[in-house]
$ cat run.txt   # compact mmCIF, C-alpha atoms
# COMPACT_ATOMS: atom_id res chain seq x y z
CA MET D 516 -19.31 12.72 -28.82
CA GLU D 517 -16.21 10.63 -28.20
CA THR D 518 -12.91 12.47 -28.07
CA ASP D 519 -10.35 11.63 -30.75
CA PHE D 520 -7.08 10.21 -29.47
CA LYS D 521 -3.68 10.22 -31.09
CA LYS D 522 -2.75 6.67 -31.93
CA ASN D 523 -0.50 5.04 -29.32
CA GLU D 524 -0.33 8.21 -27.19
CA LEU D 525 -0.86 5.98 -24.14
CA SER D 526 1.68 3.31 -25.12
CA VAL D 527 4.80 3.12 -22.95
CA GLN D 528 8.34 2.68 -24.27
CA ILE D 529 11.21 0.86 -22.60
CA GLY D 530 13.83 3.24 -21.20
CA ASN D 531 14.95 5.13 -18.12
CA LYS D 532 13.10 8.30 -19.12
CA GLN D 533 9.79 6.44 -19.37
CA ILE D 534 10.37 4.62 -16.08
CA LEU D 535 11.22 7.80 -14.19
CA SER D 536 8.40 9.78 -15.78
CA ILE D 537 5.96 7.34 -14.19
CA ALA D 538 7.83 6.50 -10.98
CA LEU D 539 8.99 9.91 -9.72
CA PRO D 540 5.53 11.50 -9.49
CA ILE D 541 4.29 8.35 -7.72
CA THR D 542 7.26 8.62 -5.36
CA LEU D 543 6.41 12.19 -4.45
CA ALA D 544 2.77 11.24 -4.00
CA ILE D 545 3.65 8.34 -1.66
CA LEU D 546 6.18 10.40 0.28
CA ILE D 547 3.53 12.87 1.44
CA PRO D 548 1.24 10.37 3.27
CA GLN D 549 4.24 8.49 4.69
CA LEU D 550 5.55 11.69 6.23
CA ASN D 551 2.02 12.23 7.42
CA LEU D 552 1.93 8.81 9.13
CA LEU D 553 5.32 9.52 10.68
CA ILE D 554 4.05 12.80 12.14
CA ASN D 555 0.93 10.99 13.33
CA SER D 556 3.10 8.49 15.23
CA ILE D 557 5.24 11.33 16.63
CA PHE D 558 2.08 13.00 17.98
CA LEU D 559 0.95 9.71 19.57
CA GLY D 560 4.44 9.06 20.96
CA HIS D 561 4.32 12.37 22.78
CA LEU D 562 0.78 11.59 23.96
CA SER D 563 1.90 8.32 25.62
CA ARG D 564 3.92 5.15 24.98
CA GLU D 565 0.70 3.14 25.24
CA ALA D 566 -0.90 5.17 22.44
CA LEU D 567 2.19 4.69 20.25
CA GLY D 568 2.13 0.94 20.86
CA ASN D 569 -1.62 0.55 20.35
CA ALA D 570 -1.32 2.37 17.04
CA GLY D 571 0.68 -0.61 15.80
CA VAL D 572 -2.07 -3.21 16.30
CA THR D 573 -4.93 -0.97 15.19
CA GLY D 574 -2.89 0.31 12.26
CA VAL D 575 -2.14 -3.19 10.99
CA PHE D 576 -5.79 -4.26 11.46
CA TYR D 577 -6.94 -1.30 9.39
CA LEU D 578 -4.20 -1.94 6.83
CA ILE D 579 -5.64 -5.42 6.19
CA PHE D 580 -8.69 -3.79 4.62
CA ALA D 581 -6.78 -0.84 3.15
CA VAL D 582 -4.47 -3.15 1.21
CA ALA D 583 -7.51 -5.09 -0.03
CA GLY D 584 -8.40 -1.82 -1.73
CA HIS D 585 -4.81 -1.64 -2.97
CA GLY D 586 -5.32 -5.09 -4.50
CA LEU D 587 -8.34 -3.78 -6.37
CA ASN D 588 -6.33 -0.68 -7.31
CA SER D 589 -3.53 -2.85 -8.75
CA ALA D 590 -6.06 -4.84 -10.75
CA MET D 591 -7.58 -1.61 -12.07
CA GLN D 592 -4.11 -0.40 -13.11
CA SER D 593 -3.55 -3.68 -14.95
CA VAL D 594 -6.87 -3.41 -16.81
CA PHE D 595 -6.49 0.31 -17.55
CA SER D 596 -2.90 -0.17 -18.77
CA GLY D 597 -3.82 -3.15 -20.93
CA TYR D 598 -6.43 -1.10 -22.76
CA ALA D 599 -4.02 1.84 -23.00
CA GLY D 600 -1.34 -0.35 -24.59
CA ASN D 601 -3.94 -1.82 -26.95
CA ASP D 602 -5.01 1.72 -27.95
CA LYS D 603 -8.54 1.45 -26.51
CA PRO D 604 -8.82 4.51 -24.23
CA GLU D 605 -12.53 4.81 -25.00
CA LEU D 606 -13.06 1.94 -22.54
CA PHE D 607 -11.54 3.89 -19.63
CA LYS D 608 -14.92 5.38 -18.64
CA ILE D 609 -16.44 1.90 -18.35
CA VAL D 610 -13.48 0.50 -16.40
CA LEU D 611 -13.54 3.39 -13.91
CA ALA D 612 -17.30 3.10 -13.43
CA GLN D 613 -17.06 -0.62 -12.66
CA GLY D 614 -14.13 0.01 -10.32
CA ILE D 615 -16.14 2.58 -8.36
CA ARG D 616 -19.10 0.20 -8.05
CA ILE D 617 -16.93 -2.70 -6.87
CA SER D 618 -14.83 -0.57 -4.49
CA LEU D 619 -17.89 0.84 -2.69
CA GLN D 620 -19.41 -2.61 -2.27
CA LEU D 621 -16.13 -3.94 -0.91
CA ALA D 622 -15.65 -0.99 1.46
CA PHE D 623 -19.10 -1.29 3.02
CA PHE D 624 -18.64 -5.05 3.48
CA PHE D 625 -15.36 -4.47 5.34
CA MET D 626 -16.94 -1.77 7.50
CA LEU D 627 -19.75 -4.10 8.58
CA PHE D 628 -17.25 -6.89 9.22
CA THR D 629 -15.17 -4.62 11.48
CA TRP D 630 -18.14 -3.30 13.46
CA ILE D 631 -19.65 -6.78 13.96
CA PHE D 632 -16.70 -9.19 14.20
CA ALA D 633 -13.63 -7.12 15.15
CA PRO D 634 -14.76 -6.84 18.82
CA LEU D 635 -14.91 -10.63 19.04
CA ILE D 636 -11.56 -11.13 17.31
CA LEU D 637 -9.56 -8.50 19.19
CA LYS D 638 -11.09 -9.23 22.59
CA SER D 639 -9.89 -12.82 22.40
CA VAL D 640 -6.29 -12.02 21.39
CA ALA D 641 -5.41 -8.44 22.36
CA ASP D 642 -4.02 -7.14 25.64
CA PRO D 643 -7.10 -6.69 27.92
CA LEU D 644 -5.83 -3.27 29.04
CA SER D 645 -5.33 -2.10 25.45
CA TYR D 646 -8.48 -3.63 23.94
CA PRO D 647 -11.00 -0.84 24.80
CA GLN D 648 -8.77 1.87 23.32
CA GLU D 649 -7.92 -0.20 20.24
CA MET D 650 -11.55 -1.09 19.50
CA SER D 651 -12.78 2.47 19.99
CA PHE D 652 -10.12 3.67 17.53
CA LEU D 653 -11.03 1.04 14.92
CA SER D 654 -14.77 1.74 15.05
CA ILE D 655 -14.00 5.30 13.94
CA ARG D 656 -11.07 4.59 11.63
CA ILE D 657 -12.87 2.03 9.46
CA SER D 658 -15.37 4.72 8.35
CA GLY D 659 -12.72 6.12 6.03
CA LEU D 660 -12.59 3.03 3.78
CA PRO D 661 -15.10 4.19 1.11
CA PHE D 662 -13.19 7.46 0.71
CA LEU D 663 -9.84 5.66 0.60
CA PHE D 664 -11.02 3.17 -2.04
CA LEU D 665 -12.45 5.90 -4.28
CA PHE D 666 -9.22 7.86 -3.85
CA GLN D 667 -7.32 4.77 -5.03
CA MET D 668 -9.62 4.38 -8.06
CA GLY D 669 -8.85 7.93 -9.17
CA ASN D 670 -5.13 7.34 -8.69
CA ALA D 671 -5.24 4.09 -10.70
CA PHE D 672 -6.68 6.02 -13.63
CA LEU D 673 -4.09 8.82 -13.39
CA ILE D 674 -1.16 6.36 -13.36
CA SER D 675 -2.47 4.22 -16.21
CA SER D 676 -3.30 7.21 -18.40
CA LEU D 677 0.31 8.41 -17.91
CA ASN D 678 -0.75 11.38 -15.80
CA SER D 679 1.01 10.31 -12.61
CA ARG D 680 2.42 13.85 -12.23
CA LEU D 681 -1.07 14.89 -11.07
CA LEU D 682 -1.10 12.39 -8.18
CA ILE D 683 0.71 14.69 -5.80
CA ILE D 684 -2.19 17.17 -5.62
CA GLY D 685 -4.54 14.72 -3.94
CA PHE D 686 -1.85 13.35 -1.64
CA VAL D 687 -0.71 16.80 -0.50
CA CYS D 688 -4.29 17.78 0.23
CA GLU D 689 -4.87 14.58 2.24
CA ALA D 690 -1.62 14.91 4.18
CA LEU D 691 -2.09 18.57 5.16
CA ILE D 692 -5.64 17.92 6.36
CA ASN D 693 -4.49 14.89 8.35
CA ILE D 694 -1.64 16.72 10.08
CA LEU D 695 -3.89 19.68 10.88
CA PHE D 696 -6.66 17.60 12.41
CA ASP D 697 -4.19 15.30 14.19
CA TYR D 698 -2.92 18.34 16.05
CA LEU D 699 -6.39 19.79 16.68
CA LEU D 700 -8.15 16.58 17.74
CA ILE D 701 -5.42 14.64 19.57
CA PHE D 702 -4.49 17.55 21.82
CA GLY D 703 -7.75 19.56 21.71
CA LYS D 704 -6.37 22.80 20.29
CA PHE D 705 -8.29 25.95 19.26
CA GLY D 706 -11.58 24.84 20.78
CA PHE D 707 -11.63 21.35 19.28
CA PRO D 708 -12.39 18.42 21.64
CA GLN D 709 -9.34 16.66 23.12
CA MET D 710 -9.94 13.16 21.76
CA GLY D 711 -6.47 11.69 22.29
CA PHE D 712 -5.98 8.38 20.47
CA ASN D 713 -9.43 8.59 18.84
CA GLY D 714 -8.55 12.02 17.50
CA ALA D 715 -5.96 10.40 15.24
CA ALA D 716 -8.67 8.08 13.88
CA LEU D 717 -11.13 10.87 13.12
CA ALA D 718 -8.38 13.03 11.58
CA SER D 719 -7.50 10.18 9.19
CA VAL D 720 -11.13 9.76 8.12
CA ILE D 721 -11.46 13.48 7.40
CA ALA D 722 -8.19 13.40 5.45
CA GLU D 723 -9.23 10.42 3.32
CA CYS D 724 -12.47 12.18 2.43
CA SER D 725 -10.53 15.30 1.40
CA GLY D 726 -8.12 13.20 -0.66
CA MET D 727 -11.00 11.58 -2.53
CA ILE D 728 -12.56 14.97 -3.30
CA ALA D 729 -9.20 16.33 -4.42
CA VAL D 730 -8.37 13.53 -6.87
CA PHE D 731 -11.73 13.74 -8.62
CA CYS D 732 -11.44 17.53 -8.76
CA VAL D 733 -8.06 17.04 -10.43
CA ILE D 734 -9.59 14.65 -12.98
CA HIS D 735 -12.36 17.17 -13.69
CA PHE D 736 -10.41 20.42 -13.86
CA SER D 737 -7.44 18.93 -15.76
CA GLY D 738 -9.76 18.13 -18.65
CA LEU D 739 -9.27 14.37 -18.31
CA LYS D 740 -12.91 13.86 -17.35
CA LYS D 741 -14.05 15.45 -20.61
CA LYS D 742 -11.30 13.87 -22.72
CA PHE D 743 -12.17 10.31 -21.65
CA SER D 744 -15.91 10.96 -20.97
CA LEU D 745 -15.37 9.76 -17.38
CA LEU D 746 -18.19 9.48 -14.82
CA SER D 747 -20.75 9.86 -17.60
CA THR D 748 -22.33 6.52 -16.76
CA PHE D 749 -22.29 4.06 -13.88
CA ALA D 750 -24.26 1.37 -15.66
CA PHE D 751 -23.23 -2.19 -14.85
CA ASN D 752 -20.99 -3.79 -17.48
CA LYS D 753 -20.84 -7.53 -16.95
CA GLU D 754 -17.82 -8.22 -19.16
CA ILE D 755 -15.50 -5.58 -17.72
CA SER D 756 -16.70 -6.10 -14.14
CA LYS D 757 -15.98 -9.80 -14.51
CA LYS D 758 -12.52 -9.01 -15.87
CA VAL D 759 -11.70 -6.62 -13.01
CA ILE D 760 -12.94 -9.11 -10.38
CA ARG D 761 -11.04 -11.99 -12.03
CA ILE D 762 -7.77 -10.08 -11.76
CA ALA D 763 -8.57 -8.36 -8.44
CA PHE D 764 -9.89 -11.22 -6.32
CA PRO D 765 -6.60 -13.17 -6.05
CA LEU D 766 -4.77 -9.88 -5.31
CA ILE D 767 -7.27 -8.86 -2.63
CA LEU D 768 -7.02 -12.30 -1.03
CA GLN D 769 -3.22 -12.18 -1.33
CA PHE D 770 -2.93 -8.81 0.44
CA ILE D 771 -5.44 -9.78 3.15
CA ILE D 772 -3.50 -12.98 3.89
CA SER D 773 -0.23 -11.06 3.99
CA LEU D 774 -1.45 -8.33 6.36
CA THR D 775 -3.40 -10.76 8.55
CA THR D 776 -0.13 -12.59 9.11
CA TRP D 777 1.52 -9.29 10.00
CA LEU D 778 -1.31 -8.68 12.48
CA VAL D 779 -0.51 -12.05 14.08
CA PHE D 780 3.11 -10.90 14.35
CA PHE D 781 2.10 -7.66 16.08
CA LEU D 782 -0.22 -9.52 18.46
CA LEU D 783 2.67 -11.81 19.40
CA ILE D 784 4.81 -8.72 19.99
CA GLU D 785 2.14 -7.46 22.43
CA THR D 786 3.10 -10.31 24.76
CA ARG D 787 6.72 -9.06 24.87
CA GLY D 788 5.98 -5.76 26.57
CA PRO D 789 5.13 -2.11 25.85
CA VAL D 790 8.63 -1.12 24.74
CA GLU D 791 8.83 -3.87 22.11
CA LYS D 792 5.30 -3.03 20.99
CA ALA D 793 6.10 0.68 20.58
CA ILE D 794 9.38 -0.03 18.76
CA SER D 795 7.60 -2.33 16.33
CA ASN D 796 5.11 0.40 15.52
CA THR D 797 7.98 2.72 14.66
CA MET D 798 9.22 0.00 12.29
CA ARG D 799 6.01 0.50 10.31
CA ASN D 800 7.21 4.05 9.77
CA VAL D 801 10.60 2.74 8.62
CA PHE D 802 8.83 0.56 6.05
CA GLY D 803 6.82 3.58 5.02
CA LEU D 804 9.80 5.89 4.57
CA ALA D 805 12.14 3.39 2.92
CA GLY D 806 9.26 1.98 0.89
CA ILE D 807 8.31 5.17 -0.95
CA PHE D 808 10.59 4.36 -3.87
CA ILE D 809 9.89 0.63 -3.66
CA TRP D 810 6.13 1.01 -4.05
CA ALA D 811 6.57 3.68 -6.72
CA PHE D 812 8.78 1.48 -8.88
CA ALA D 813 6.61 -1.57 -8.16
CA GLY D 814 3.52 0.33 -9.35
CA THR D 815 5.48 1.50 -12.39
CA CYS D 816 6.39 -2.11 -13.16
CA ASN D 817 2.75 -3.23 -12.95
CA ASN D 818 1.71 -0.41 -15.30
CA MET D 819 4.50 -0.89 -17.84
CA VAL D 820 4.26 -4.69 -17.99
CA ALA D 821 0.49 -4.57 -18.58
CA ASN D 822 0.92 -1.81 -21.17
CA LEU D 823 3.68 -3.68 -23.04
CA ILE D 824 1.61 -6.86 -23.12
CA GLY D 825 -1.32 -4.82 -24.41
CA GLN D 826 0.97 -3.65 -27.24
CA GLY D 827 1.97 -7.26 -27.94
CA LYS D 828 5.58 -6.58 -26.90
CA GLN D 829 6.10 -9.49 -24.48
CA ASP D 830 9.80 -9.69 -25.32
CA TRP D 831 10.30 -6.26 -23.74
CA VAL D 832 8.90 -7.33 -20.37
CA ILE D 833 11.95 -8.98 -18.76
CA PRO D 834 14.46 -6.25 -19.79
CA THR D 835 12.01 -3.65 -18.45
CA VAL D 836 11.56 -5.45 -15.12
CA LYS D 837 15.35 -5.77 -14.73
CA ARG D 838 15.83 -2.07 -15.35
CA ILE D 839 13.09 -1.06 -12.92
CA SER D 840 14.58 -3.41 -10.29
CA LEU D 841 17.94 -1.64 -10.48
CA TRP D 842 16.29 1.76 -10.01
CA SER D 843 14.30 0.47 -7.04
CA LEU D 844 17.35 -1.14 -5.42
CA GLY D 845 19.49 1.97 -5.81
CA ALA D 846 16.85 4.28 -4.37
CA CYS D 847 16.16 1.96 -1.43
CA VAL D 848 19.86 1.61 -0.56
CA LEU D 849 20.15 5.39 -0.45
CA ILE D 850 17.18 5.75 1.94
CA VAL D 851 18.38 2.87 4.14
CA ILE D 852 21.86 4.42 4.44
CA LEU D 853 20.34 7.74 5.53
CA LEU D 854 18.16 5.98 8.13
CA ASN D 855 21.11 4.04 9.54
CA ILE D 856 23.60 6.91 9.75
CA GLN D 857 21.71 8.43 12.69
CA PRO D 858 19.16 5.89 13.97
CA LEU D 859 19.16 7.51 17.43
CA PHE D 860 17.97 10.78 15.93
CA PHE D 861 15.12 8.93 14.20
CA PHE D 862 14.03 7.25 17.44
CA SER D 863 14.35 10.48 19.41
CA LEU D 864 11.53 11.97 17.31
CA PHE D 865 9.06 9.79 19.18
CA GLY D 866 9.90 11.24 22.59
CA GLN D 867 10.98 7.92 24.14
CA ASP D 868 13.76 7.06 26.60
CA GLN D 869 17.24 5.53 26.22
CA THR D 870 16.01 1.94 26.69
CA PHE D 871 13.69 2.37 23.73
CA MET D 872 16.59 3.53 21.56
CA GLU D 873 19.00 0.80 22.66
CA ILE D 874 16.54 -1.97 21.81
CA GLY D 875 15.42 -0.20 18.64
CA VAL D 876 18.79 0.27 16.89
CA PRO D 877 19.47 -3.46 16.19
CA VAL D 878 15.87 -3.76 14.97
CA ILE D 879 16.24 -0.95 12.46
CA ARG D 880 19.45 -2.60 11.18
CA MET D 881 17.62 -5.89 10.63
CA VAL D 882 14.60 -4.25 9.03
CA SER D 883 16.92 -2.33 6.70
CA LEU D 884 18.35 -5.61 5.40
CA GLY D 885 14.84 -6.88 4.72
CA MET D 886 13.96 -3.65 2.93
CA ILE D 887 16.86 -4.03 0.50
CA PHE D 888 15.53 -7.42 -0.61
CA MET D 889 12.00 -6.01 -0.66
CA SER D 890 13.09 -3.31 -3.12
CA VAL D 891 13.78 -5.91 -5.80
CA SER D 892 11.22 -8.55 -4.78
CA ASN D 893 8.27 -6.16 -4.86
CA VAL D 894 9.10 -5.13 -8.43
CA TRP D 895 9.10 -8.75 -9.61
CA LEU D 896 5.91 -9.46 -7.68
CA ASN D 897 4.22 -6.56 -9.47
CA ALA D 898 5.57 -7.85 -12.76
CA VAL D 899 3.50 -10.99 -12.17
CA THR D 900 0.50 -8.77 -11.38
CA GLY D 901 1.06 -6.83 -14.60
CA THR D 902 0.81 -10.03 -16.63
CA GLY D 903 -2.68 -10.53 -15.22
CA LYS D 904 -1.69 -13.90 -13.73
CA THR D 905 -2.87 -12.96 -10.25
CA LYS D 906 -3.68 -16.55 -9.30
CA ILE D 907 0.03 -17.26 -9.64
CA SER D 908 0.91 -14.31 -7.38
CA LEU D 909 -1.65 -15.60 -4.85
CA GLY D 910 -0.03 -19.05 -4.91
CA ILE D 911 3.40 -17.49 -4.40
CA GLU D 912 2.01 -15.48 -1.47
CA ILE D 913 0.58 -18.58 0.20
CA ILE D 914 3.93 -20.40 -0.04
CA THR D 915 5.96 -17.48 1.31
CA ILE D 916 3.48 -16.67 4.07
CA SER D 917 3.66 -20.27 5.25
CA LEU D 918 7.44 -19.99 5.55
CA TYR D 919 7.06 -16.60 7.24
CA LEU D 920 4.60 -17.94 9.82
CA ILE D 921 6.73 -20.96 10.70
CA TYR D 922 9.79 -18.76 11.14
CA THR D 923 7.86 -16.12 13.12
CA LEU D 924 6.24 -18.58 15.51
CA TYR D 925 9.58 -20.25 16.18
CA PHE D 926 11.47 -17.04 17.01
CA MET D 927 8.56 -15.28 18.73
CA LYS D 928 6.96 -18.06 20.74
CA TYR D 929 9.31 -21.03 21.07
CA ASN D 930 12.81 -19.55 20.88
CA TYR D 931 12.62 -15.80 21.44
CA ILE D 932 16.13 -14.33 21.26
CA SER D 933 15.55 -10.63 20.66
CA LEU D 934 13.17 -8.25 18.90
CA ALA D 935 15.74 -7.80 16.13
CA MET D 936 15.81 -11.56 15.52
CA ALA D 937 12.01 -11.62 15.44
CA TRP D 938 12.02 -8.91 12.74
CA SER D 939 14.41 -10.99 10.60
CA ASN D 940 11.23 -12.70 9.36
CA GLU D 941 10.99 -9.91 6.77
CA PHE D 942 14.26 -11.11 5.25
CA VAL D 943 12.85 -14.64 4.96
CA TYR D 944 9.61 -13.39 3.40
CA TRP D 945 11.12 -11.13 0.73
CA THR D 946 13.91 -13.48 -0.35
CA SER D 947 11.29 -16.20 -0.88
CA ILE D 948 9.15 -13.78 -2.91
CA LEU D 949 12.14 -12.85 -5.07
CA PHE D 950 13.10 -16.45 -5.78
CA LEU D 951 9.58 -17.53 -6.79
CA THR D 952 8.48 -14.46 -8.77
CA SER D 953 11.67 -14.07 -10.77
CA GLY D 954 11.65 -17.79 -11.50
CA TYR D 955 8.12 -17.53 -12.86
CA ILE D 956 8.82 -14.47 -15.02
CA PHE D 957 12.02 -15.98 -16.46
CA SER D 958 10.16 -19.22 -17.24
CA LYS D 959 7.92 -17.19 -19.62
CA ARG D 960 4.94 -19.39 -18.79
CA TRP D 961 2.97 -16.16 -18.31
CA GLN D 962 3.12 -15.60 -22.09
CA LYS D 963 0.59 -18.37 -22.67
CA ASN D 964 -2.85 -16.83 -23.27
CA THR D 965 -1.64 -13.50 -21.85
CA ASN D 966 -3.72 -10.57 -23.04
CA ASN D 967 -4.73 -7.88 -20.60
CA SER D 968 -6.72 -6.01 -23.16
CA GLU D 969 -8.87 -8.76 -24.51
$ encode --input "run.txt" --output "structure tokens"
Amino acid sequence: METDFKKNELSVQIGNKQILSIALPITLAILIPQLNLLINSIFLGHLSREALGNAGVTGVFYLIFAVAGHGLNSAMQSVFSGYAGNDKPELFKIVLAQGIRISLQLAFFFMLFTWIFAPLILKSVADPLSYPQEMSFLSIRISGLPFLFLFQMGNAFLISSLNSRLLIIGFVCEALINILFDYLLIFGKFGFPQMGFNGAALASVIAECSGMIAVFCVIHFSGLKKKFSLLSTFAFNKEISKKVIRIAFPLILQFIISLTTWLVFFLLIETRGPVEKAISNTMRNVFGLAGIFIWAFAGTCNNMVANLIGQGKQDWVIPTVKRISLWSLGACVLIVILLNIQPLFFFSLFGQDQTFMEIGVPVIRMVSLGMIFMSVSNVWLNAVTGTGKTKISLGIEIITISLYLIYTLYFMKYNYISLAMAWSNEFVYWTSILFLTSGYIFSKRWQKNTNNSE
């Protein structure tokens, strides 16, 4: 028997209270794994500088496939939210089932690709001394993809059904497991094998599995499974699968292109020496810490835009995106100020010497500038995603990545000035994104044939 729903109980309203009710739980949920990644890097930094540096290349390689799952997750949020805004929650069970089917197929494809082709790719471009350690790490790390993708599917449902407050349970579980097994497996404590760099990979796989189990336990024990009749069928639904793939494919391709370019950047950094390589890996942690609010408000924007369009309230979209942008900017500025007050303290966490800190401080200043522009740009980019016009967001990505690559190659290969100047490419990337995405949203061309709930 289908559960009765109160009419419009899943429809969002424009306003600060609505924005924060979605964004703050997502923020807390994102904060936990980012702190986890920071602690992971701290462990590796105390293991050796080489391990800290190698974590940058392997981490970005893995992120290429992880963000492909995030692309699918964003598409799922858009579809879920469209049906929520259109007051069709009875379709949630079908959407989730198709998302699980697609995510598992995608995960296993990426695993096979990594095991077969990654050795050929990395061997030809990576530092020969680092390659064996990096490849060994990846062969273990990639096994966590199915768990990660299913974890993301559960989270997409919780956000779109306006239950983002429940996200933190799965993330806390994942983070605690990761930190515990990082300590046990990297250093070989309490009878566990001392696996070093590979210990971090295995710990992450175990953590992603625990996160997946936790999120579906939350869905079950909170009563949401029964309320929406979730996981009652996994039968193939051609119409909804086609809709998810239509929205997801450009996003997946967009994220893969973006992170592949970042991998190229990190491989170019490898040629500059171990200190530069290690510093650049710590910059990933800066993006993680300063980005917790950015990604939370960006995800909120995706959800609210899709929901408003589902309600037929297209005129509310631009005012909503503006308001979310201001919240994202303010939160990012606060985090960036805190990071820049005592950058030496931040770098000291990784157990490195004075040279590391001296080179790193100008880099963190430059990255901070890029993050401020990212805080607004990412919201507008997710506004485009929320409209369902993911081919447009892919086209914008291709243009901006082209500019990014030209700039990066010039200042990394042909006219290298400093590591800080090399990292100014983030400023170029995000300002280009902001210009193109805001221009598209303000043009209102997305209103033509826009219906996420059709």
$ atom_distance --input "run.txt" --atom1 "atom CA of Ser675 of chain D" --atom2 "atom CA of Leu896 of chain D"
18.2 Å
$ closest_residue --input "run.txt" --among "D:Ile534, D:Ser618, D:Lys758, D:Ser883" --to "Lys837 of chain D" --atoms "only C-alpha atoms"
D:Ile534
$ atom_distance --input "run.txt" --atom1 "atom CA of Leu663 of chain D" --atom2 "atom CA of Ile887 of chain D"
28.4 Å
$ residues_around --input "run.txt" --residues "Val878 of chain D" --least-positions-apart "5" --cutoff "10 Å" --atoms "all atoms listed in the file" --output "ChimeraX atom specification"
/D:794-795,798,872-873,883,933-939
$ residues_around --input "run.txt" --residues "Phe702 of chain D" --least-positions-apart "3" --cutoff "10 Å" --atoms "only C-alpha atoms" --output "ChimeraX atom specification"
/D:558-559,562,696-699,705,707-712,714-715
$ atom_distance --input "run.txt" --atom1 "atom CA of Leu665 of chain D" --atom2 "atom CA of Leu578 of chain D"
15.9 Å
$ closest_residue --input "run.txt" --among "D:Glu689, D:Glu941, D:Glu785, D:Asp830" --to "Gly885 of chain D" --atoms "all atoms listed in the file"
D:Glu941
$ closest_residue --input "run.txt" --among "D:Ile529, D:Ala599, D:Ala718, D:Ile683" --to "Phe743 of chain D" --atoms "only C-alpha atoms"
D:Ala599
$ closest_residue --input "run.txt" --among "D:Leu920, D:Ile809, D:Ala583, D:Leu682" --to "Trp777 of chain D" --atoms "only C-alpha atoms"
D:Leu920
$ closest_residue --input "run.txt" --among "D:Val733, D:Ala821, D:Ile609, D:Val687" --to "Ser756 of chain D" --atoms "only C-alpha atoms"
D:Ile609
$ axis_aligned_box --input "run.txt" --around "segment 529-537 of chain D" --padding-each-side "4 Å" --output "AutoDock Vina command-line options"
--center_x 10.5 --center_y 5.3 --center_z -18.4 --size_x 17.0 --size_y 16.9 --size_z 16.4
$ residues_around --input "run.txt" --residues "His735 of chain D" --least-positions-apart "2" --cutoff "12 Å" --atoms "only C-alpha atoms" --output "list of chain:residue names"
D:Gly669, D:Leu673, D:Leu681, D:Ile728, D:Ala729, D:Val730, D:Phe731, D:Cys732, D:Val733, D:Ser737, D:Gly738, D:Leu739, D:Lys740, D:Lys741, D:Lys742, D:Phe743, D:Ser744, D:Leu745, D:Leu746, D:Ser747
$ residues_around --input "run.txt" --residues "Gly586 of chain D" --least-positions-apart "5" --cutoff "9 Å" --atoms "only C-alpha atoms" --output "number ranges by chain"
D: 581, 591, 763-771
$ closest_residue --input "run.txt" --among "D:Phe808, D:Phe781, D:Tyr646, D:Trp895" --to "Thr835 of chain D" --atoms "all atoms listed in the file"
D:Trp895
$ residues_around --input "run.txt" --residues "Ser843 of chain D" --least-positions-apart "3" --cutoff "8 Å" --atoms "all atoms listed in the file" --output "PDB file with C-alpha atoms, in the coordinates of the input"
ATOM      1  CA  PHE D 808      10.590   4.360  -3.870  1.00  0.00           C
ATOM      2  CA  ILE D 809       9.890   0.630  -3.660  1.00  0.00           C
ATOM      3  CA  PHE D 812       8.780   1.480  -8.880  1.00  0.00           C
ATOM      4  CA  ILE D 839      13.090  -1.060 -12.920  1.00  0.00           C
ATOM      5  CA  SER D 840      14.580  -3.410 -10.290  1.00  0.00           C
ATOM      6  CA  ALA D 846      16.850   4.280  -4.370  1.00  0.00           C
ATOM      7  CA  CYS D 847      16.160   1.960  -1.430  1.00  0.00           C
ATOM      8  CA  SER D 890      13.090  -3.310  -3.120  1.00  0.00           C
ATOM      9  CA  VAL D 891      13.780  -5.910  -5.800  1.00  0.00           C
ATOM     10  CA  VAL D 894       9.100  -5.130  -8.430  1.00  0.00           C
TER      11      VAL D 894
END
$ residues_near_point --input "run.txt" --point "(2.1, -10.8, 13.0)" --cutoff "12 Å" --atoms "all atoms listed in the file" --output "PyMOL selection string"
chain D and resi 571-572+575-576+579+640+772-786+792+795-796+916+919-924+926-928+937-938+940-941
